[in-house]
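J.: The structure's right below; bear with me while I get my questions together.
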Amino acid sequence: MNHETHYASVQRPVETCVVGSGGFGRSFLAQALRIPLVNCRVAIDREAGIAAAALRSIGLKDTQFAVCDTPAHAAQAWERGLHIAASDVSVVLGLPLDLLIEATGHPEAGARHARLAIEAGLHVAMASKEVDSVIGCELARRAQAKGRVVTPVDGDQPSLLIGLVTWARTLGLEIVAAGKSSEYDFVFDAASGQIDSNGNRIPAPGFDAFWTLGDGDVAALARARAEACAGLPQRAVPDLCELLVVANATGLVPDRKDLHAPIARISEVPTMFAPRAAGGLLARSGTLDVFHCLRAPQEISLAGGVFVVVRCEDEESWQLLAGKGHIMSRDRRHAMLPIPRHLLGLEAATSVLDAVVHGRSSGAQQPHPVVDLVARATRTLSAGTRLEMGGHHHTIAGTAAELLPAAALGPGVPVPFYLAANRKLVRDVAAGNAICFDDIEIESGSELLALRRAQDAAFFPPAR
């Protein structure tokens with residue numbers, strides 16, 4: 001596709017604001033200074049000073065932006081051509097904005113920001129998968145009713161993977177598996193006998209024996225590598241959360257509630273993500289999953305990118321493509337087609353422009369709840385325990401995440417992971433049990449709960 005032709009109808013720069021000036025939000029602010037068709041003059045964070053610091057970090061001087069605490073102050077700064085830093089979206093929603101990017105990663109706050117933006121007539125780009133995983137379908141429904149769009153964003157894996165899946169389907173390629181590489185590679189240094197992942201280094205004596213797949217049993221090799229790397233995290237909540245967004249947009253689902261998540265070299269992916277009948281790991285075709293990219297220090301990475309594995313149905317065509325270097329399974333019956341990147345806010349503008357200019361989401365135009373991300377206790381959790389969300393990956397201590405078929409909230413129903421986050425338990429939850437909706441205490445004014453109840457009513461109406 002010729003992107004310049006695709007956006008040739010744009011008459012003026014699209015005006016955006018970003019809520020959450022961390023990694024994703026800051027990278028979008030920085031790149032927007034360089035994008036002719038998109039402006040981002042507004043940064044919102046929980047404290048205006050944090051947003052101001054982000055504006056300084058991208059090269060703006062204090063004379064080039066204003067810290068605003070009222071709508072009137074923001075309007076004056078806008079008219080003067082300044083960038084704006086603020087601590088609440090209500091300060092800026094009266095500005096002539098087209099789209100709000102929600103990038104806080106905070107479920108409750110993000111729900112409020114998205115609702116207010118939709119009610120103000122803005123499109124919403126949802127970088128906060130935590131919010132999307134609980135109420136993404138309802139937000140999309142509400143926006144559509146007002147002639148607006150809620151979209152995932154290019155630069156994050158869900159949008160890129162949805163794009164790749166729908167591209168493959170358009171071409172008539174049969175998708176055997178689709179997924180992403182995890183955020184952090186597993187880098188094996190044969191000289192030292194150690195494996196490094198995101199700065200965590202563990203000894204891996206004898207790992208050389210597991211380095212090559214060869215003609216060996218795929219499942220046995222995956223187990224051996226997982227055991228050898230037991231000192232490194234091999235399941236991450238964000239991976240499951242992002243695949244939920246893809247499932248709700250495409251209908252593809254995992255065949256394991258916690259994913260297979262093998263440690264694999266890039267060349268092994270089409271062999272591992274094949275059905276068991278073909279020597280792979282999958283119980284069936286058409287599944288979502290993730291792999292940890294195993295490589296030597298000098299080898300290339302998939303860079304947290306996304307992929308599809310497709311069936312090679314015309315032997316002659318795929319022999320030709322294999323000769324051009326495409327990544328084939330060892331039986332030559334499956335091929336991996338990857339996008340080896342995700343550039344965060346640097347490439348989010350394509351989703352922004354598609355939403356505002358073409359009225360299209362980078363995901364489904366109307367996603368449907370297919371799966372829910374839920375929390376299962378890994379140890380007994382006592383009544384009164386606060387399920388505090390923390391860390392870079394927004395995890396909850398004492399729990400593991402998994403994907404289950406989507407269901408309406410109710411007694412005995414596993415509660416969405418990020419609806420449980422930061423809530424107190426009202427009863428003990430034994431190790432191994434899912435945390436259910438009636439196990440937690442939620443304040444009556446919760447935006448996230450109200451929107452989830454609305455989503456349930458829209459997509460899971462009571463039987464008559």
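Labels used: A, B, ... for chains in the order of the structure tokens, numbers from 1 for residues in each chain, and numbers from 1 for ligands as shown.
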Enumerate as a short mmCIF file (atom, residue, chain, number, x, y, z; two decimals) with C-alpha atoms, in the first residue's frame all residues of range 36-254 of chain A assigned to strand (DSSP E or B) by DSSP on the backbone, naming them with the chain letters and numbers the document uses.
T.:
```cif
data_model
loop_
_atom_site.label_atom_id
_atom_site.label_comp_id
_atom_site.auth_asym_id
_atom_site.auth_seq_id
_atom_site.Cartn_x
_atom_site.Cartn_y
_atom_site.Cartn_z
CA VAL A 38 -0.27 14.71 12.92
CA ASN A 39 0.17 17.11 15.81
CA CYS A 40 0.35 16.21 19.49
CA ARG A 41 0.47 19.40 21.52
CA VAL A 42 -1.15 18.07 24.69
CA ALA A 43 0.34 15.77 27.33
CA ILE A 44 -1.66 14.59 30.35
CA PHE A 65 4.54 24.95 26.64
CA ALA A 66 2.17 25.91 29.45
CA VAL A 67 1.16 23.95 32.53
CA HIS A 83 2.09 22.78 23.92
CA ILE A 84 0.08 21.98 27.05
CA ALA A 85 0.81 19.90 30.14
CA ALA A 86 -2.04 19.04 32.51
CA LEU A 99 -8.35 12.07 18.93
CA LEU A 100 -7.15 11.09 22.40
CA ILE A 101 -4.47 8.44 22.93
CA GLU A 102 -4.98 6.52 26.18
CA HIS A 123 -11.83 9.27 18.50
CA VAL A 124 -9.76 7.16 20.91
CA ALA A 125 -6.52 5.29 20.25
CA MET A 126 -6.18 2.66 22.96
CA VAL A 150 -11.83 3.33 19.16
CA THR A 151 -8.72 1.74 17.72
CA ILE A 175 -3.54 -19.37 9.25
CA VAL A 176 -2.28 -22.24 11.37
CA ALA A 177 -1.00 -19.99 14.17
CA ALA A 178 -0.59 -16.29 14.87
CA GLY A 179 1.21 -14.53 17.64
CA LYS A 180 4.15 -12.49 18.80
CA SER A 181 7.60 -12.86 20.19
CA PHE A 186 16.54 -15.36 25.60
CA VAL A 187 20.16 -14.81 24.58
CA PHE A 188 22.43 -17.84 24.98
CA ASP A 189 26.17 -17.22 25.24
CA GLN A 194 24.72 -18.45 30.43
CA ILE A 195 21.38 -17.16 29.21
CA ASP A 196 20.40 -13.52 29.53
CA SER A 197 16.88 -12.09 29.32
CA ASN A 200 18.56 -11.35 34.18
CA ARG A 201 21.43 -13.78 33.67
CA ILE A 202 21.28 -17.42 34.69
CA PRO A 203 23.72 -20.32 34.30
CA VAL A 253 -8.08 -18.11 20.29
#
```
J.: Run DSSP on the backbone and grab whatever in range 256-395 of chain A lands in alpha helix (DSSP H); send it over as number ranges by chain.
T.: A: 269-272, 315-323, 349-358
J.: Determine the nearest neighbour of Glu443 in chain A from the options A:Ser285, A:Val237, A:Glu108, A:Gly22, counting only C-alpha atoms.
T.: A:Glu108
J.: Show me, as a ChimeraX atom specification, the residues that have an atom within 12 Å of Tyr7 in chain A when counting only C-alpha atoms, minus same-chain residues fewer than 3 positions from it.
T.: /A:1-4,10-14,36-38,349-358
J.: Take the residues that were just selected and, keeping N, CA, C and O atoms, output them as a PDB file, in the first residue's frame.
T.:
```pdb
ATOM      1  N   MET A   1       0.836  -1.192   0.000  1.00  0.00           N
ATOM      2  CA  MET A   1       0.000   0.000   0.000  1.00  0.00           C
ATOM      3  C   MET A   1       0.875   1.248   0.000  1.00  0.00           C
ATOM      4  O   MET A   1       1.870   1.319   0.726  1.00  0.00           O
ATOM      5  N   ASN A   2       0.505   2.211  -0.808  1.00  0.00           N
ATOM      6  CA  ASN A   2       1.194   3.502  -0.844  1.00  0.00           C
ATOM      7  C   ASN A   2       0.573   4.407   0.226  1.00  0.00           C
ATOM      8  O   ASN A   2      -0.542   4.895   0.074  1.00  0.00           O
ATOM      9  N   HIS A   3       1.300   4.599   1.318  1.00  0.00           N
ATOM     10  CA  HIS A   3       0.732   5.351   2.436  1.00  0.00           C
ATOM     11  C   HIS A   3       0.520   6.822   2.091  1.00  0.00           C
ATOM     12  O   HIS A   3      -0.431   7.447   2.575  1.00  0.00           O
ATOM     13  N   GLU A   4       1.371   7.387   1.264  1.00  0.00           N
ATOM     14  CA  GLU A   4       1.192   8.801   0.904  1.00  0.00           C
ATOM     15  C   GLU A   4      -0.086   8.989   0.093  1.00  0.00           C
ATOM     16  O   GLU A   4      -0.807   9.977   0.282  1.00  0.00           O
ATOM     17  N   VAL A  10      -5.904  14.221   3.327  1.00  0.00           N
ATOM     18  CA  VAL A  10      -5.817  14.977   4.583  1.00  0.00           C
ATOM     19  C   VAL A  10      -5.603  16.456   4.270  1.00  0.00           C
ATOM     20  O   VAL A  10      -4.645  16.831   3.588  1.00  0.00           O
ATOM     21  N   GLN A  11      -6.498  17.282   4.775  1.00  0.00           N
ATOM     22  CA  GLN A  11      -6.449  18.711   4.479  1.00  0.00           C
ATOM     23  C   GLN A  11      -5.692  19.521   5.528  1.00  0.00           C
ATOM     24  O   GLN A  11      -5.209  20.611   5.249  1.00  0.00           O
ATOM     25  N   ARG A  12      -5.609  18.983   6.739  1.00  0.00           N
ATOM     26  CA  ARG A  12      -4.921  19.679   7.823  1.00  0.00           C
ATOM     27  C   ARG A  12      -4.355  18.630   8.774  1.00  0.00           C
ATOM     28  O   ARG A  12      -4.818  17.474   8.784  1.00  0.00           O
ATOM     29  N   PRO A  13      -3.382  18.974   9.581  1.00  0.00           N
ATOM     30  CA  PRO A  13      -2.865  17.997  10.543  1.00  0.00           C
ATOM     31  C   PRO A  13      -3.940  17.565  11.533  1.00  0.00           C
ATOM     32  O   PRO A  13      -4.756  18.374  11.990  1.00  0.00           O
ATOM     33  N   VAL A  14      -3.962  16.300  11.855  1.00  0.00           N
ATOM     34  CA  VAL A  14      -4.850  15.756  12.869  1.00  0.00           C
ATOM     35  C   VAL A  14      -4.340  16.189  14.237  1.00  0.00           C
ATOM     36  O   VAL A  14      -3.147  16.070  14.538  1.00  0.00           O
ATOM     37  N   PRO A  36       4.251  15.333   9.429  1.00  0.00           N
ATOM     38  CA  PRO A  36       3.530  16.465   8.830  1.00  0.00           C
ATOM     39  C   PRO A  36       2.017  16.407   9.045  1.00  0.00           C
ATOM     40  O   PRO A  36       1.377  17.457   9.162  1.00  0.00           O
ATOM     41  N   LEU A  37       1.437  15.209   9.110  1.00  0.00           N
ATOM     42  CA  LEU A  37      -0.021  15.091   9.133  1.00  0.00           C
ATOM     43  C   LEU A  37      -0.614  14.940  10.528  1.00  0.00           C
ATOM     44  O   LEU A  37      -1.831  14.846  10.679  1.00  0.00           O
ATOM     45  N   VAL A  38       0.221  14.910  11.559  1.00  0.00           N
ATOM     46  CA  VAL A  38      -0.271  14.708  12.924  1.00  0.00           C
ATOM     47  C   VAL A  38       0.423  15.665  13.885  1.00  0.00           C
ATOM     48  O   VAL A  38       1.652  15.780  13.869  1.00  0.00           O
ATOM     49  N   ALA A 349       1.025   6.792  14.257  1.00  0.00           N
ATOM     50  CA  ALA A 349       0.303   7.771  13.440  1.00  0.00           C
ATOM     51  C   ALA A 349      -0.572   7.131  12.377  1.00  0.00           C
ATOM     52  O   ALA A 349      -1.599   7.703  11.987  1.00  0.00           O
ATOM     53  N   THR A 350      -0.213   5.951  11.881  1.00  0.00           N
ATOM     54  CA  THR A 350      -1.052   5.328  10.860  1.00  0.00           C
ATOM     55  C   THR A 350      -2.426   4.971  11.427  1.00  0.00           C
ATOM     56  O   THR A 350      -3.450   5.164  10.763  1.00  0.00           O
ATOM     57  N   SER A 351      -2.455   4.470  12.657  1.00  0.00           N
ATOM     58  CA  SER A 351      -3.748   4.174  13.286  1.00  0.00           C
ATOM     59  C   SER A 351      -4.517   5.457  13.583  1.00  0.00           C
ATOM     60  O   SER A 351      -5.746   5.511  13.431  1.00  0.00           O
ATOM     61  N   VAL A 352      -3.813   6.489  14.018  1.00  0.00           N
ATOM     62  CA  VAL A 352      -4.446   7.784  14.299  1.00  0.00           C
ATOM     63  C   VAL A 352      -5.095   8.332  13.031  1.00  0.00           C
ATOM     64  O   VAL A 352      -6.262   8.765  13.029  1.00  0.00           O
ATOM     65  N   LEU A 353      -4.352   8.308  11.938  1.00  0.00           N
ATOM     66  CA  LEU A 353      -4.869   8.851  10.680  1.00  0.00           C
ATOM     67  C   LEU A 353      -6.023   8.012  10.143  1.00  0.00           C
ATOM     68  O   LEU A 353      -7.015   8.553   9.647  1.00  0.00           O
ATOM     69  N   ASP A 354      -5.921   6.700  10.238  1.00  0.00           N
ATOM     70  CA  ASP A 354      -7.012   5.862   9.756  1.00  0.00           C
ATOM     71  C   ASP A 354      -8.295   6.135  10.527  1.00  0.00           C
ATOM     72  O   ASP A 354      -9.398   6.157   9.955  1.00  0.00           O
ATOM     73  N   ALA A 355      -8.176   6.345  11.841  1.00  0.00           N
ATOM     74  CA  ALA A 355      -9.362   6.621  12.649  1.00  0.00           C
ATOM     75  C   ALA A 355      -9.994   7.952  12.279  1.00  0.00           C
ATOM     76  O   ALA A 355     -11.209   8.040  12.043  1.00  0.00           O
ATOM     77  N   VAL A 356      -9.179   8.997  12.224  1.00  0.00           N
ATOM     78  CA  VAL A 356      -9.720  10.350  12.034  1.00  0.00           C
ATOM     79  C   VAL A 356     -10.077  10.623  10.575  1.00  0.00           C
ATOM     80  O   VAL A 356     -11.133  11.192  10.277  1.00  0.00           O
ATOM     81  N   VAL A 357      -9.212  10.210   9.671  1.00  0.00           N
ATOM     82  CA  VAL A 357      -9.408  10.542   8.254  1.00  0.00           C
ATOM     83  C   VAL A 357     -10.369   9.578   7.574  1.00  0.00           C
ATOM     84  O   VAL A 357     -11.235   9.980   6.795  1.00  0.00           O
ATOM     85  N   HIS A 358     -10.230   8.272   7.888  1.00  0.00           N
ATOM     86  CA  HIS A 358     -11.016   7.264   7.182  1.00  0.00           C
ATOM     87  C   HIS A 358     -12.107   6.633   8.048  1.00  0.00           C
ATOM     88  O   HIS A 358     -12.895   5.824   7.560  1.00  0.00           O
TER      89      HIS A 358
END
```
J.: Residues within 12 Å of Ala230 in chain A, please, as a list in words. Count only C-alpha atoms; anything in the same chain fewer than 3 positions from it doesn't count.
T.: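 Non-adjacent residues within range: Ile195, Arg201, Ile202, Pro203, Ala204, Arg223, Ala224, Arg225, Ala226, Glu227, Pro233, Gln234, Arg235 and Ile263 of chain A.
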J.: Take the residues from that selection and write them out as a CSV table (one decimal), in the first residue's frame, keeping N, CA, C and O atoms.
T.:
```csv
chain,number,residue,atom,x,y,z
A,195,ILE,N,22.5,-17.7,30.0
A,195,ILE,CA,21.4,-17.2,29.2
A,195,ILE,C,20.9,-15.9,29.9
A,195,ILE,O,20.8,-15.8,31.1
A,201,ARG,N,20.5,-12.8,34.2
A,201,ARG,CA,21.4,-13.8,33.7
A,201,ARG,C,21.4,-15.0,34.6
A,201,ARG,O,21.6,-14.9,35.8
A,202,ILE,N,21.3,-16.2,33.9
A,202,ILE,CA,21.3,-17.4,34.7
A,202,ILE,C,22.3,-18.4,34.1
A,202,ILE,O,22.5,-18.4,32.9
A,203,PRO,N,22.9,-19.3,34.9
A,203,PRO,CA,23.7,-20.3,34.3
A,203,PRO,C,22.8,-21.4,33.6
A,203,PRO,O,21.7,-21.7,34.1
A,204,ALA,N,23.3,-21.9,32.5
A,204,ALA,CA,22.6,-22.9,31.7
A,204,ALA,C,23.5,-24.0,31.3
A,204,ALA,O,23.7,-24.1,30.1
A,223,ARG,N,10.0,-28.7,26.4
A,223,ARG,CA,10.1,-29.0,27.8
A,223,ARG,C,11.5,-28.8,28.4
A,223,ARG,O,11.7,-28.2,29.5
A,224,ALA,N,12.5,-29.4,27.7
A,224,ALA,CA,13.9,-29.3,28.1
A,224,ALA,C,14.4,-27.9,28.2
A,224,ALA,O,15.0,-27.5,29.2
A,225,ARG,N,14.0,-27.1,27.2
A,225,ARG,CA,14.5,-25.7,27.3
A,225,ARG,C,13.8,-24.9,28.4
A,225,ARG,O,14.4,-24.1,29.1
A,226,ALA,N,12.5,-25.2,28.6
A,226,ALA,CA,11.8,-24.5,29.7
A,226,ALA,C,12.4,-24.9,31.0
A,226,ALA,O,12.5,-24.0,31.9
A,227,GLU,N,12.7,-26.1,31.2
A,227,GLU,CA,13.3,-26.6,32.5
A,227,GLU,C,14.7,-26.0,32.7
A,227,GLU,O,15.0,-25.5,33.8
A,233,PRO,N,11.5,-15.7,33.8
A,233,PRO,CA,10.1,-15.7,33.6
A,233,PRO,C,9.7,-16.2,32.2
A,233,PRO,O,10.3,-15.8,31.2
A,234,GLN,N,8.7,-17.1,32.1
A,234,GLN,CA,8.3,-17.6,30.8
A,234,GLN,C,6.8,-17.4,30.5
A,234,GLN,O,6.3,-17.9,29.5
A,235,ARG,N,6.1,-16.7,31.4
A,235,ARG,CA,4.8,-16.3,31.1
A,235,ARG,C,4.7,-14.8,31.6
A,235,ARG,O,5.1,-14.5,32.7
A,263,ILE,N,10.3,-21.6,24.1
A,263,ILE,CA,11.6,-20.9,23.9
A,263,ILE,C,12.1,-21.5,22.5
A,263,ILE,O,12.4,-22.7,22.4
```
